[in-house]
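*Asks:* Sending over protein25.pdb (PDB, C-alpha atoms, pLDDT in the B column).
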```
ATOM      1  CA  MET A   1       6.625   6.263   8.941  1.00 89.00           C
ATOM      2  CA  LEU A   2       5.612   8.311   5.921  1.00 92.00           C
ATOM      3  CA  THR A   3       7.446  11.454   4.865  1.00 91.00           C
ATOM      4  CA  PRO A   4       5.405  14.677   4.556  1.00 90.00           C
ATOM      5  CA  ILE A   5       5.011  14.313   0.777  1.00 88.00           C
ATOM      6  CA  GLU A   6       4.094  10.627   1.194  1.00 93.00           C
ATOM      7  CA  ARG A   7       1.410  11.664   3.686  1.00 94.00           C
ATOM      8  CA  ASP A   8       0.021  14.052   1.045  1.00 92.00           C
ATOM      9  CA  MET A   9       0.058  11.215  -1.477  1.00 94.00           C
ATOM     10  CA  HIS A  10      -1.578   8.880   1.027  1.00 96.00           C
ATOM     11  CA  ARG A  11      -4.296  11.457   1.721  1.00 95.00           C
ATOM     12  CA  LEU A  12      -5.036  11.812  -2.014  1.00 96.00           C
ATOM     13  CA  LEU A  13      -5.123   8.037  -2.519  1.00 97.00           C
ATOM     14  CA  ARG A  14      -7.476   7.645   0.452  1.00 95.00           C
ATOM     15  CA  SER A  15      -9.790  10.323  -0.957  1.00 96.00           C
ATOM     16  CA  LEU A  16      -9.852   8.585  -4.356  1.00 97.00           C
ATOM     17  CA  ALA A  17     -10.625   5.265  -2.668  1.00 96.00           C
ATOM     18  CA  LYS A  18     -13.323   6.796  -0.439  1.00 94.00           C
ATOM     19  CA  ALA A  19     -15.008   8.334  -3.468  1.00 95.00           C
ATOM     20  CA  GLY A  20     -14.728   5.066  -5.377  1.00 95.00           C
ATOM     21  CA  ASP A  21     -17.701   2.904  -6.200  1.00 95.00           C
ATOM     22  CA  PRO A  22     -17.379  -0.647  -4.814  1.00 94.00           C
ATOM     23  CA  ALA A  23     -19.494  -1.823  -7.777  1.00 95.00           C
ATOM     24  CA  ASP A  24     -16.916  -0.306 -10.177  1.00 97.00           C
ATOM     25  CA  PRO A  25     -13.653  -0.072  -8.192  1.00 97.00           C
ATOM     26  CA  LEU A  26     -11.439   0.519 -11.247  1.00 96.00           C
ATOM     27  CA  SER A  27     -13.132   3.913 -11.666  1.00 96.00           C
ATOM     28  CA  ALA A  28     -11.133   5.077  -8.609  1.00 97.00           C
ATOM     29  CA  CYS A  29      -7.817   4.656 -10.458  1.00 97.00           C
ATOM     30  CA  ILE A  30      -5.714   7.620 -11.560  1.00 97.00           C
ATOM     31  CA  GLY A  31      -2.839   7.938 -14.034  1.00 94.00           C
ATOM     32  CA  TYR A  32       0.695   8.520 -12.725  1.00 90.00           C
ATOM     33  CA  LYS A  33       0.982  11.969 -14.328  1.00 87.00           C
ATOM     34  CA  ASP A  34      -2.460  13.107 -13.113  1.00 91.00           C
ATOM     35  CA  PHE A  35      -1.634  11.793  -9.652  1.00 92.00           C
ATOM     36  CA  ALA A  36       1.677  13.699  -9.542  1.00 88.00           C
ATOM     37  CA  GLN A  37      -0.028  16.889 -10.726  1.00 87.00           C
ATOM     38  CA  ARG A  38      -2.713  16.617  -8.055  1.00 90.00           C
ATOM     39  CA  VAL A  39      -0.171  15.998  -5.296  1.00 86.00           C
ATOM     40  CA  ASP A  40       2.183  18.717  -6.537  1.00 81.00           C
ATOM     41  CA  PRO A  41       0.178  21.081  -8.795  1.00 80.00           C
ATOM     42  CA  HIS A  42       3.000  23.627  -9.078  1.00 75.00           C
ATOM     43  CA  GLY A  43       5.714  21.068  -9.883  1.00 71.00           C
ATOM     44  CA  LEU A  44       7.818  22.079  -6.889  1.00 70.00           C
ATOM     45  CA  GLU A  45       8.887  18.555  -5.938  1.00 69.00           C
ATOM     46  CA  PRO A  46      11.770  17.133  -7.990  1.00 64.00           C
ATOM     47  CA  TYR A  47      10.125  13.726  -8.380  1.00 64.00           C
ATOM     48  CA  THR A  48       7.211  15.177 -10.381  1.00 59.00           C
ATOM     49  CA  SER A  49       9.057  17.447 -12.769  1.00 56.00           C
ATOM     50  CA  GLN A  50       8.888  16.655 -16.484  1.00 54.00           C
ATOM     51  CA  GLY A  51      10.770  13.449 -17.255  1.00 54.00           C
ATOM     52  CA  GLN A  52      11.471  12.708 -13.590  1.00 57.00           C
ATOM     53  CA  MET A  53       8.382  10.677 -12.781  1.00 65.00           C
ATOM     54  CA  HIS A  54      10.557   7.716 -11.797  1.00 67.00           C
ATOM     55  CA  GLY A  55      11.082   9.410  -8.416  1.00 77.00           C
ATOM     56  CA  LEU A  56       7.382   8.915  -7.763  1.00 85.00           C
ATOM     57  CA  TYR A  57       7.552   5.108  -7.841  1.00 87.00           C
ATOM     58  CA  PRO A  58       9.604   4.544  -4.654  1.00 90.00           C
ATOM     59  CA  LYS A  59       7.253   6.855  -2.767  1.00 92.00           C
ATOM     60  CA  LEU A  60       4.222   4.888  -3.965  1.00 94.00           C
ATOM     61  CA  GLY A  61       6.027   1.679  -3.027  1.00 95.00           C
ATOM     62  CA  HIS A  62       6.710   2.991   0.464  1.00 96.00           C
ATOM     63  CA  ILE A  63       3.030   3.847   0.859  1.00 97.00           C
ATOM     64  CA  SER A  64       2.099   0.267  -0.079  1.00 96.00           C
ATOM     65  CA  VAL A  65       4.648  -1.141   2.376  1.00 96.00           C
ATOM     66  CA  TYR A  66       3.181   1.138   5.058  1.00 94.00           C
ATOM     67  CA  GLU A  67      -0.350  -0.041   4.262  1.00 93.00           C
ATOM     68  CA  HIS A  68       0.735  -3.689   4.272  1.00 92.00           C
ATOM     69  CA  GLN A  69       2.429  -3.223   7.649  1.00 88.00           C
ATOM     70  CA  HIS A  70      -0.851  -1.871   8.971  1.00 86.00           C
ATOM     71  CA  GLY A  71      -2.883  -4.793   7.634  1.00 85.00           C
ATOM     72  CA  ARG A  72      -4.550  -2.876   4.831  1.00 90.00           C
ATOM     73  CA  PRO A  73      -4.686  -3.431   1.055  1.00 94.00           C
ATOM     74  CA  LEU A  74      -2.044  -1.842  -1.172  1.00 96.00           C
ATOM     75  CA  LEU A  75      -3.286   1.715  -1.633  1.00 96.00           C
ATOM     76  CA  SER A  76      -0.908   2.497  -4.495  1.00 96.00           C
ATOM     77  CA  ALA A  77      -2.840  -0.011  -6.641  1.00 97.00           C
ATOM     78  CA  LEU A  78      -4.982   2.985  -7.609  1.00 98.00           C
ATOM     79  CA  VAL A  79      -2.154   4.627  -9.584  1.00 96.00           C
ATOM     80  CA  VAL A  80      -1.906   3.290 -13.131  1.00 96.00           C
ATOM     81  CA  ARG A  81      -0.441   3.927 -16.546  1.00 93.00           C
ATOM     82  CA  LYS A  82      -2.947   6.031 -18.448  1.00 91.00           C
ATOM     83  CA  ALA A  83      -2.353   4.166 -21.722  1.00 93.00           C
ATOM     84  CA  THR A  84      -3.029   0.708 -20.290  1.00 94.00           C
ATOM     85  CA  GLY A  85      -5.155   1.401 -17.229  1.00 93.00           C
ATOM     86  CA  ARG A  86      -2.818  -0.950 -15.325  1.00 93.00           C
ATOM     87  CA  PRO A  87       0.017  -0.331 -12.874  1.00 93.00           C
ATOM     88  CA  GLY A  88       3.646  -0.493 -13.914  1.00 89.00           C
ATOM     89  CA  PRO A  89       5.732  -3.618 -13.257  1.00 89.00           C
ATOM     90  CA  GLY A  90       6.981  -2.195  -9.971  1.00 91.00           C
ATOM     91  CA  PHE A  91       3.594  -2.841  -8.367  1.00 93.00           C
ATOM     92  CA  ALA A  92       3.785  -6.614  -8.966  1.00 93.00           C
ATOM     93  CA  ASP A  93       7.459  -6.684  -7.963  1.00 94.00           C
ATOM     94  CA  LEU A  94       6.696  -4.994  -4.657  1.00 94.00           C
ATOM     95  CA  ALA A  95       3.671  -7.202  -4.002  1.00 94.00           C
ATOM     96  CA  SER A  96       5.856 -10.275  -4.560  1.00 94.00           C
ATOM     97  CA  GLN A  97       8.441  -8.900  -2.124  1.00 94.00           C
ATOM     98  CA  LEU A  98       5.652  -8.430   0.421  1.00 94.00           C
ATOM     99  CA  GLY A  99       4.776 -12.118   0.095  1.00 92.00           C
ATOM    100  CA  PHE A 100       1.723 -11.982  -2.138  1.00 92.00           C
ATOM    101  CA  GLU A 101       1.394 -14.946  -4.489  1.00 88.00           C
ATOM    102  CA  ALA A 102       0.518 -14.462  -8.166  1.00 85.00           C
ATOM    103  CA  ALA A 103       1.230 -10.738  -7.795  1.00 83.00           C
ATOM    104  CA  GLU A 104       2.008 -10.446 -11.516  1.00 83.00           C
ATOM    105  CA  ASP A 105      -1.506 -11.573 -12.465  1.00 85.00           C
ATOM    106  CA  ALA A 106      -3.935  -8.844 -13.491  1.00 80.00           C
ATOM    107  CA  GLY A 107      -6.500 -10.507 -11.238  1.00 93.00           C
ATOM    108  CA  PHE A 108      -4.290  -9.834  -8.212  1.00 94.00           C
ATOM    109  CA  TRP A 109      -4.079  -6.135  -9.032  1.00 95.00           C
ATOM    110  CA  GLU A 110      -7.832  -5.893  -9.702  1.00 96.00           C
ATOM    111  CA  HIS A 111      -8.506  -7.621  -6.383  1.00 95.00           C
ATOM    112  CA  GLN A 112      -6.239  -5.132  -4.594  1.00 96.00           C
ATOM    113  CA  VAL A 113      -8.076  -2.200  -6.207  1.00 97.00           C
ATOM    114  CA  ALA A 114     -11.425  -3.688  -5.148  1.00 97.00           C
ATOM    115  CA  GLN A 115     -10.156  -4.222  -1.584  1.00 95.00           C
ATOM    116  CA  VAL A 116      -8.763  -0.673  -1.403  1.00 96.00           C
ATOM    117  CA  VAL A 117     -12.048   0.862  -2.545  1.00 96.00           C
ATOM    118  CA  ARG A 118     -14.141  -1.391  -0.293  1.00 93.00           C
ATOM    119  CA  PHE A 119     -11.938  -0.689   2.731  1.00 92.00           C
ATOM    120  CA  TRP A 120     -11.693   3.093   2.401  1.00 92.00           C
ATOM    121  CA  SER A 121     -15.180   3.799   0.999  1.00 91.00           C
ATOM    122  CA  ALA A 122     -16.731   1.997   3.972  1.00 87.00           C
ATOM    123  CA  ASP A 123     -15.399   4.838   6.151  1.00 72.00           C
ATOM    124  CA  ASP A 124     -15.698   2.470   9.095  1.00 67.00           C
ATOM    125  CA  PRO A 125     -13.408   3.316  12.047  1.00 68.00           C
ATOM    126  CA  VAL A 126     -13.941  -0.171  13.485  1.00 68.00           C
ATOM    127  CA  MET A 127     -12.649  -1.725  10.263  1.00 65.00           C
ATOM    128  CA  LEU A 128      -9.620   0.562  10.400  1.00 62.00           C
ATOM    129  CA  MET A 129      -8.868  -0.435  13.989  1.00 66.00           C
ATOM    130  CA  ASP A 130      -9.508  -4.105  13.239  1.00 66.00           C
ATOM    131  CA  SER A 131      -6.929  -4.082  10.452  1.00 65.00           C
ATOM    132  CA  ALA A 132      -4.362  -2.532  12.786  1.00 64.00           C
ATOM    133  CA  MET A 133      -5.200  -5.019  15.551  1.00 70.00           C
ATOM    134  CA  ASP A 134      -5.003  -7.949  13.125  1.00 69.00           C
ATOM    135  CA  GLN A 135      -1.482  -6.882  12.206  1.00 67.00           C
ATOM    136  CA  VAL A 136      -0.452  -6.577  15.868  1.00 73.00           C
ATOM    137  CA  LEU A 137      -1.847 -10.049  16.585  1.00 74.00           C
ATOM    138  CA  LYS A 138      -0.024 -11.453  13.567  1.00 75.00           C
ATOM    139  CA  GLU A 139       3.266  -9.982  14.827  1.00 77.00           C
ATOM    140  CA  LEU A 140       2.634 -11.295  18.341  1.00 81.00           C
ATOM    141  CA  GLY A 141       1.993 -14.755  16.911  1.00 80.00           C
ATOM    142  CA  SER A 142       5.306 -14.591  15.073  1.00 79.00           C
ATOM    143  CA  ILE A 143       7.109 -13.570  18.270  1.00 89.00           C
ATOM    144  CA  LYS A 144       5.400 -16.365  20.181  1.00 87.00           C
ATOM    145  CA  ARG A 145       6.520 -18.965  17.615  1.00 86.00           C
ATOM    146  CA  THR A 146      10.092 -17.653  17.743  1.00 87.00           C
ATOM    147  CA  VAL A 147      10.189 -17.764  21.547  1.00 89.00           C
ATOM    148  CA  ARG A 148       8.839 -21.318  21.555  1.00 87.00           C
ATOM    149  CA  ARG A 149      11.400 -22.371  18.963  1.00 86.00           C
ATOM    150  CA  LEU A 150      14.217 -20.815  20.992  1.00 86.00           C
ATOM    151  CA  ALA A 151      12.943 -22.409  24.200  1.00 86.00           C
ATOM    152  CA  ALA A 152      12.873 -25.839  22.545  1.00 85.00           C
ATOM    153  CA  ARG A 153      16.549 -25.662  21.530  1.00 82.00           C
ATOM    154  CA  PRO A 154      18.889 -27.774  23.592  1.00 79.00           C
ATOM    155  CA  THR A 155      21.234 -25.722  25.754  1.00 70.00           C
ATOM    156  CA  GLU A 156      24.976 -26.213  26.041  1.00 69.00           C
ATOM    157  CA  LYS A 157      24.456 -27.900  29.429  1.00 66.00           C
ATOM    158  CA  ASP A 158      22.427 -30.686  27.771  1.00 56.00           C
TER     159      ASP A 158
END
```
Represent the supplied structure as structure tokens.
*Replies:*
Amino acid sequence: MLTPIERDMHRLLRSLAKAGDPADPLSACIGYKDFAQRVDPHGLEPYTSQGQMHGLYPKLGHISVYEHQHGRPLLSALVVRKATGRPGPGFADLASQLGFEAAEDAGFWEHQVAQVVRFWSADDPVMLMDSAMDQVLKELGSIKRTVRRLAARPTEKD
């Protein structure tokens, strides 16, 4: 579940992705500082105050975990370092923790950005429901495999 400020961040990221051009998905990206200022224009949240941007990263990570749990691409891929136009190292670290292979490759990040823009700019409620259903089916498959494995174990009576 997202916190209220994470929901605001999620809403902004979705709007950036929706406005993005699938032919040029990197144009939907935003710098960390610009992102923080748009989410909290008055600097009221402690994570966005000058020099405290590091508090922003766990919130972006939680949003990506949330998206991954719901079968969607990593929405926080849109937030990048202004100087490099690439995300910080935390993005690849988190993607690796989520089970993505080659998460440290720039191609992985670019693919995530393209998927985010394609997914959200389509504004297709069926696609949104399909991604949620795919995740439910994946979880059910995991439960089914676990139950079968447990059922195949010899019991103490054997």
*Asks:* Pick the closest to His68 (chain A) from A:Gln37, A:Ser121, A:Thr84, A:Gln112: which is it, counting only C-alpha atoms?
*Replies:*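 Once distances to His68 (chain A) are computed over only C-alpha atoms, the minimum belongs to A:Gln112.
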*Asks:* I need the residue nearest Asp34 (chain A) from this list: A:Ile63, A:Pro89, A:Leu78, A:Leu137. Use all atoms listed in the file for the distance.
*Replies:*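 Closest candidate: A:Leu78.
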*Asks:* Could you please determine the separation between CA of His70 (chain A) and CA of Leu140 (chain A) in Å, to one decimal place?
*Replies:*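 These atoms are spaced 13.7 Å apart.
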*Asks:* Which residues would end up in the selection if the PyMOL selection byres ((chain A and resi 9) around 12) were applied here, given that I need the answer as an MDAnalysis selection string?
*Replies:* chainID A and resid 2:8 10:16 32 35:40 56:57 59:64 75:76 78:79
*Asks:* State, in Å with one decimal place, the distance from CA of Ile30 (chain A) to CA of Arg81 (chain A).
*Replies:* 8.1 Å
